[in-house]
There are 2 protein chains.
Amino acid sequence: MTQQDSNRILLAHGGGGRLMEQLIRQTILPRLGDQGGQLKDSAELDLDSSRICFTTDSYVVKPLFFNGGDIGKLAVCGTINDLAVAGSKPIAIALSLIIETGFEIALLEKILDSASRAARQDGVSIVTGDTKTVEAGAAEGLYINTAGVGVRCYDTQLGFERVADGDRIIISGTIGDHGMTIMSQREGMKFETPLTSDCASLWPLTDQLLTNCPGIKFMRDPTRGGLAATLNEIAEAANISIEINETDIPVNPTVQAAADMLGFDVLNIANEGKVVIVVAADNAEQCLAICRQNCLGTNASIIGEVHGADRQALVQMKTRIGGARIVQMPYGAELPRIC
Amino acid sequence: MTQQDSNRILLAHGGGGRLMEQLIRQTILPRLGDQGGQLKDSAELDLDSSRICFTTDSYVVKPLFFNGGDIGKLAVCGTINDLAVAGSKPIAIALSLIIETGFEIALLEKILDSASRAARQDGVSIVTGDTKTVEAGAAEGLYINTAGVGVRCYDTQLGFERVADGDRIIISGTIGDHGMTIMSQREGMKFETPLTSDCASLWPLTDQLLTNCPGIKFMRDPTRGGLAATLNEIAEAANISIEINETDIPVNPTVQAAADMLGFDVLNIANEGKVVIVVAADNAEQCLAICRQNCLGTNASIIGEVHGADRQALVQMKTRIGGARIVQMPYGAELPRIC
């Protein structure tokens with residue numbers, strides 16, 4: 001094996017033999033840990049409750065490294081967020097790699113370190129995994145799948161069916177940061193204030209909210225499809241209408257500029273560290289205060305409210321200049337490959 | 001949209017908008033069901049126990065359809081098997097798709113039907129999922145990740161540390177069927193008796209074994225790396241030696257012929273519906289009888305035993321002609337992309 005070979009992924013690294021064992025022992029286990037050195041295909045967990053939450057996501061983001069994160073951090077945070085916004089405490093993650101032949105092992109190490117850091121920060125363990133290799137060109141470097149298990153440990157019941165007339169809509173911060181960061185990097189755009197992805201775990205915030213704020217009805221992280229998709233999903237599933245105010249929606253000015261230049265509507269742009277909260281009107285100010293005291297929610301804002309009476313399942317926005325527009329579910333072609 | 005477009009996957013099917021919602025509602029949910037029509041990023045489960053087993057596997061098999069199965073059946077059975085051989089009862093699966101632009105939706109439907117059938121057969125629910133799309137050529141059609149949750153409901157404790165001197169090694173049937181089926185299809189080889197993958201869920205067999213047979217110490221499905229990799233893993237992790245007899249290892253004659261023609265050692269070839277069982281000597285005949293009464297274990301055989309005294313972590317085989325050879329951990333380059 002040449003020097004160059006030993007620094008790169010070979011097809012045999014996924015063959016289930018000695019070389020895969022070496023990759024797992026030397027590269028993967030020291031970073032992801034928690035396995036007692038064993039190469040187990042499955043992990044045994046003793047949870048605090050038999051009421052669990054279970055989720056999965058595959059990550060195909062391009063580029064693999066972006067301002068504010070990389071595919072490893074994104075995968076772990078994304079799975080933690082799916083568990084967190086469902087009202088559960090994230091416990092364990094299973095991490096599965098599809099790696100292209102020729103991929104630099106040093107880059108893989110960087111990505112695994114980043115995934116591990118994100119998990120440890122929330123006390124989440126990466127407990128099991130899988131490694132597959134494919135021919136050069138077949139996975140654009142690396143795809144990651146993360147599945148997660150959480151424990152449902154809060155009294156609050158969350159669900160579309162709880163959303164009702166008069167409820168307030170809160171967004172935890174500026175929108176569009178992740179999607180526009182990825183897109184501008186892909187387009188080679190430069191700004192005086194560089195765009196940074198909001199990629200982060202929402203768990204510290206959702207934990208505070210579910211522990212201290214009554215009246216929360218529903219939470220969702222507005223990833224692919226952005227705020228527009230999330231609000232439309234809520235309106236359709238709960239059979240209610242939503243009215244939002246453009247002036248109340250926090251947007252980083254550079255994100256807005258980039259979106260305008262590339263012809264995107266920031267409402268459709270993906271976020272990876274924001275949460276949309278539907279909360280009873282009486283608890284809205286308390287919910288907002290909790291968000292703003294948390295570093296994940298400094299720019300939180302009440303952006304609108306639920307109209308249950310007309311039941312048209314529409315999302316409407318009062319524009320900055322006083323008009324009204326329908327916010328449609330995006331079609332899906334706007335921003336591919338942002339997660 | 002042209003007629004052709006509407007039959008194939010578009011990049012926008014993974015964009016998180018209206019088109020993805022349509023794909024999920026029209027193609028995925030009717031097949032994988034169990035979600036009450038909601039598009040949830042996570043599933044809430046009420047389990048019978050808080051002692052769970054958690055696993056993940058990505059599937060990159062080539063070709064996607066093979067004699068005896070397809071990537072959908074393979075993914076579901078593989079994840080069920082990881083849970084089953086760990087001594088747990090499979091409960092729920094999360095299924096994540098990475099689909100290439102241009103992939104025929106009819107093929108996707110076939111694969112999802114097949115995944116669904118495999119899950120239902122064992123009473124396992126596919127409870128949550130994810131859909132990503134990538135540019136043409138980037139995922140060779142389709143990759144699937146399945147993660148699984150099972151409940152640890154048996155009294156038997158399984159583990160490398162329980163393996164001891166004198167224990168017997170049982171294989172539940174013929175070896176190499178899956179790997180040689182894939183490889184011969186890829187090479188375009190034809191046989192009078194066509195090769196068929198053994199792709200199957202092992203859960204009905206492991207359930208019978210763990211319910212009715214004491215003395216089981218360890219189980220593992222010998223997938224990538226075959227019987228050779230599994231026995232070497234046991235020997236290394238348990239710090240014992242294993243002696244097997246070539247004459248006792250069941251091999252389908254066509255599989256042997258194909259392996260000989262292509263220059264493979266059947267010991268290294270992947271299985272997708274077989275289990276290696278380490279069992280106390282006193283319980284070996286009972287274990288064998290339970291296997292043989294089950295359609296998954298008709299050709300089960302006691303193939304060797306554990307030598308705990310020398311602790312060299314070696315796997316040796318008495319050959320058909322009376323010689324002895326060391327069975328090494330395969331390197332990994334033998335058979336890529338068989339799962």
# chains A, B, ... in the order shown; residues from 1 in each chain; ligands from 1
>>> select_by_dssp(residues="region 259-292 of chain A", states="helix (DSSP H, G or I)", output="MDAnalysis selection string")
chainID A and resid 259:262 266:268 281:292
>>> interface_residues(of="chain B", to="chain A", cutoff="6 Å", atoms="only C-alpha atoms", output="ChimeraX atom specification")
/B:12,15-19,42-47,49-57,129-130,138-139,224-225,329-333,336
>>> residues_around(residues="Gly166 (chain A)", least_positions_apart="4", cutoff="9 Å", atoms="only C-alpha atoms", output="compact mmCIF listing (two decimals) with all heavy atoms, in the first residue's frame")
# COMPACT_ATOMS: atom_id res chain seq x y z
N ALA A 280 -50.05 29.12 23.60
CA ALA A 280 -51.30 29.80 23.98
C ALA A 280 -51.02 31.29 24.20
O ALA A 280 -49.94 31.66 24.70
CB ALA A 280 -51.85 29.18 25.27
N ALA A 281 -51.98 32.15 23.81
CA ALA A 281 -51.79 33.60 23.89
C ALA A 281 -51.33 34.04 25.29
O ALA A 281 -50.40 34.85 25.42
CB ALA A 281 -53.08 34.31 23.50
N GLU A 305 -50.25 34.91 14.58
CA GLU A 305 -51.17 34.14 15.39
C GLU A 305 -52.08 33.25 14.56
O GLU A 305 -52.14 33.36 13.33
CB GLU A 305 -51.98 35.06 16.30
CG GLU A 305 -52.89 36.03 15.59
CD GLU A 305 -53.66 36.88 16.62
OE1 GLU A 305 -53.12 37.92 17.04
OE2 GLU A 305 -54.79 36.50 16.98
N VAL A 306 -52.74 32.36 15.28
CA VAL A 306 -53.59 31.35 14.67
C VAL A 306 -55.02 31.87 14.59
O VAL A 306 -55.53 32.43 15.56
CB VAL A 306 -53.53 30.05 15.49
CG1 VAL A 306 -54.59 29.05 15.01
CG2 VAL A 306 -52.13 29.45 15.46
N HIS A 307 -55.66 31.71 13.42
CA HIS A 307 -57.08 31.98 13.28
C HIS A 307 -57.81 30.67 13.07
O HIS A 307 -57.70 30.07 12.00
CB HIS A 307 -57.34 32.94 12.11
CG HIS A 307 -56.76 34.29 12.34
ND1 HIS A 307 -57.21 35.11 13.35
CD2 HIS A 307 -55.75 34.95 11.74
CE1 HIS A 307 -56.51 36.24 13.34
NE2 HIS A 307 -55.60 36.17 12.39
N GLY A 308 -58.45 30.22 14.10
CA GLY A 308 -59.10 28.92 14.02
C GLY A 308 -60.46 28.97 13.37
O GLY A 308 -60.96 27.97 12.86
>>> residues_around(residues="Ser301 (chain A)", least_positions_apart="6", cutoff="12 Å", atoms="only C-alpha atoms", output="PyMOL selection string")
chain A and resi 168-175+244-251+274-278+284-292
>>> atom_distance(atom1="CA of Asp177 (chain B)", atom2="CA of Leu195 (chain B)")
7.0 Å
>>> residues_around(residues="Met261 (chain B)", least_positions_apart="2", cutoff="12 Å", atoms="only C-alpha atoms", output="ChimeraX atom specification")
/B:180,183-184,187,189-191,254-259,263-266
>>> write_last_selection(atoms="N, CA and C atoms", output="short mmCIF file (atom, residue, chain, number, x, y, z; two decimals), in the first residue's frame")
data_model
loop_
_atom_site.label_atom_id
_atom_site.label_comp_id
_atom_site.auth_asym_id
_atom_site.auth_seq_id
_atom_site.Cartn_x
_atom_site.Cartn_y
_atom_site.Cartn_z
N MET B 180 -22.71 -14.87 -3.15
CA MET B 180 -22.46 -15.46 -4.46
C MET B 180 -23.60 -15.17 -5.43
N MET B 183 -22.83 -11.61 -6.58
CA MET B 183 -21.60 -11.58 -7.39
C MET B 183 -21.84 -12.23 -8.75
N SER B 184 -22.56 -13.35 -8.77
CA SER B 184 -22.77 -14.02 -10.06
C SER B 184 -23.72 -13.19 -10.93
N GLU B 187 -21.62 -10.51 -12.41
CA GLU B 187 -20.71 -11.03 -13.44
C GLU B 187 -21.47 -11.62 -14.62
N MET B 189 -23.14 -14.43 -14.65
CA MET B 189 -23.01 -15.89 -14.68
C MET B 189 -24.38 -16.56 -14.58
N LYS B 190 -24.56 -17.66 -15.32
CA LYS B 190 -25.81 -18.43 -15.27
C LYS B 190 -25.50 -19.86 -14.81
N PHE B 191 -26.41 -20.41 -14.01
CA PHE B 191 -26.24 -21.79 -13.54
C PHE B 191 -27.52 -22.56 -13.81
N THR B 254 -23.99 -25.35 -5.83
CA THR B 254 -23.86 -24.32 -6.87
C THR B 254 -23.10 -23.10 -6.34
N VAL B 255 -23.33 -22.78 -5.06
CA VAL B 255 -22.57 -21.68 -4.44
C VAL B 255 -21.09 -22.03 -4.44
N GLN B 256 -20.78 -23.30 -4.08
CA GLN B 256 -19.38 -23.72 -4.06
C GLN B 256 -18.78 -23.63 -5.46
N ALA B 257 -19.54 -24.06 -6.46
CA ALA B 257 -19.05 -24.02 -7.84
C ALA B 257 -18.77 -22.58 -8.28
N ALA B 258 -19.72 -21.69 -7.97
CA ALA B 258 -19.56 -20.28 -8.35
C ALA B 258 -18.34 -19.68 -7.64
N ALA B 259 -18.19 -20.00 -6.35
CA ALA B 259 -17.05 -19.47 -5.59
C ALA B 259 -15.74 -19.98 -6.18
N GLY B 263 -12.93 -17.75 -7.81
CA GLY B 263 -11.76 -17.70 -6.94
C GLY B 263 -12.02 -17.15 -5.54
N PHE B 264 -13.22 -17.38 -5.02
CA PHE B 264 -13.53 -16.92 -3.66
C PHE B 264 -13.53 -18.09 -2.68
N ASP B 265 -13.23 -17.79 -1.43
CA ASP B 265 -13.35 -18.76 -0.34
C ASP B 265 -14.74 -18.58 0.26
N VAL B 266 -15.58 -19.62 0.22
CA VAL B 266 -16.97 -19.45 0.71
C VAL B 266 -17.02 -19.00 2.17
#
>>> select_by_dssp(residues="region 266-315 of chain B", states="strand (DSSP E)", output="list in words")
Val276, Ile277, Val278, Val279, Ser301, Ile302, Ile303, Gly304, Glu305, Val306, His307 and Val315 of chain B
>>> write_last_selection(atoms="N, CA, C and O atoms", output="compact mmCIF listing (two decimals), in the first residue's frame")
# COMPACT_ATOMS: atom_id res chain seq x y z
N VAL B 276 -24.87 -17.52 13.36
CA VAL B 276 -23.87 -18.33 14.06
C VAL B 276 -24.24 -18.29 15.54
O VAL B 276 -24.44 -17.21 16.10
N ILE B 277 -24.35 -19.47 16.13
CA ILE B 277 -24.75 -19.56 17.54
C ILE B 277 -23.63 -20.21 18.34
O ILE B 277 -23.11 -21.26 17.93
N VAL B 278 -23.24 -19.61 19.45
CA VAL B 278 -22.33 -20.27 20.39
C VAL B 278 -23.17 -20.74 21.56
O VAL B 278 -23.89 -19.95 22.18
N VAL B 279 -23.13 -22.06 21.83
CA VAL B 279 -24.02 -22.63 22.83
C VAL B 279 -23.24 -23.61 23.71
O VAL B 279 -22.29 -24.25 23.25
N SER B 301 -26.18 -26.96 11.41
CA SER B 301 -25.14 -27.96 11.68
C SER B 301 -24.22 -27.47 12.81
O SER B 301 -23.94 -26.27 12.91
N ILE B 302 -23.79 -28.42 13.64
CA ILE B 302 -22.74 -28.09 14.62
C ILE B 302 -21.43 -28.15 13.86
O ILE B 302 -21.05 -29.21 13.35
N ILE B 303 -20.75 -27.01 13.75
CA ILE B 303 -19.56 -26.98 12.88
C ILE B 303 -18.24 -26.94 13.64
O ILE B 303 -17.18 -27.05 13.03
N GLY B 304 -18.29 -26.81 14.96
CA GLY B 304 -17.02 -26.78 15.67
C GLY B 304 -17.20 -26.46 17.13
O GLY B 304 -18.33 -26.45 17.65
N GLU B 305 -16.05 -26.22 17.81
CA GLU B 305 -16.14 -25.89 19.23
C GLU B 305 -15.07 -24.92 19.68
O GLU B 305 -14.11 -24.63 18.96
N VAL B 306 -15.28 -24.43 20.87
CA VAL B 306 -14.41 -23.41 21.45
C VAL B 306 -13.32 -24.07 22.28
O VAL B 306 -13.59 -24.99 23.06
N HIS B 307 -12.08 -23.62 22.09
CA HIS B 307 -10.99 -24.06 22.96
C HIS B 307 -10.55 -22.87 23.79
O HIS B 307 -9.91 -21.95 23.27
N VAL B 315 -8.72 -19.05 14.74
CA VAL B 315 -9.76 -19.92 14.18
C VAL B 315 -9.06 -20.94 13.28
O VAL B 315 -8.34 -20.56 12.35
>>> residues_around(residues="Gly69 (chain A)", least_positions_apart="5", cutoff="10 Å", atoms="only C-alpha atoms", output="ChimeraX atom specification")
/A:64,74,111,114-115,178,196-200
>>> write_last_selection(atoms="N, CA, C and O atoms", output="short mmCIF file (atom, residue, chain, number, x, y, z; two decimals), in the first residue's frame")
data_model
loop_
_atom_site.label_atom_id
_atom_site.label_comp_id
_atom_site.auth_asym_id
_atom_site.auth_seq_id
_atom_site.Cartn_x
_atom_site.Cartn_y
_atom_site.Cartn_z
N LEU A 64 -19.39 19.77 2.07
CA LEU A 64 -19.37 19.03 3.35
C LEU A 64 -18.98 19.95 4.50
O LEU A 64 -19.38 19.72 5.64
N LEU A 74 -23.90 18.95 11.54
CA LEU A 74 -25.26 19.09 11.00
C LEU A 74 -26.09 17.83 11.26
O LEU A 74 -27.26 17.92 11.68
N ILE A 111 -14.66 15.39 10.49
CA ILE A 111 -16.13 15.32 10.51
C ILE A 111 -16.62 14.52 11.73
O ILE A 111 -17.59 14.90 12.39
N SER A 114 -16.23 16.52 14.87
CA SER A 114 -17.27 17.53 14.94
C SER A 114 -18.60 16.91 15.37
O SER A 114 -19.33 17.48 16.21
N ALA A 115 -18.92 15.73 14.84
CA ALA A 115 -20.14 15.01 15.24
C ALA A 115 -20.08 14.68 16.73
O ALA A 115 -21.05 14.86 17.48
N HIS A 178 -28.86 29.24 7.52
CA HIS A 178 -28.18 28.03 7.04
C HIS A 178 -28.25 27.92 5.51
O HIS A 178 -27.23 27.78 4.84
N THR A 196 -23.05 32.95 8.15
CA THR A 196 -22.73 31.80 8.99
C THR A 196 -23.99 30.98 9.22
O THR A 196 -25.04 31.53 9.55
N SER A 197 -23.86 29.68 9.03
CA SER A 197 -24.99 28.78 9.28
C SER A 197 -25.40 28.85 10.75
O SER A 197 -24.55 29.03 11.63
N ASP A 198 -26.69 28.71 11.02
CA ASP A 198 -27.17 28.68 12.40
C ASP A 198 -27.15 27.27 12.99
O ASP A 198 -27.65 27.06 14.10
N CYS A 199 -26.54 26.33 12.26
CA CYS A 199 -26.47 24.92 12.68
C CYS A 199 -26.16 24.79 14.18
O CYS A 199 -25.08 25.16 14.64
N ALA A 200 -27.10 24.29 14.95
CA ALA A 200 -26.94 24.17 16.41
C ALA A 200 -27.97 23.21 16.96
O ALA A 200 -29.03 22.99 16.36
#
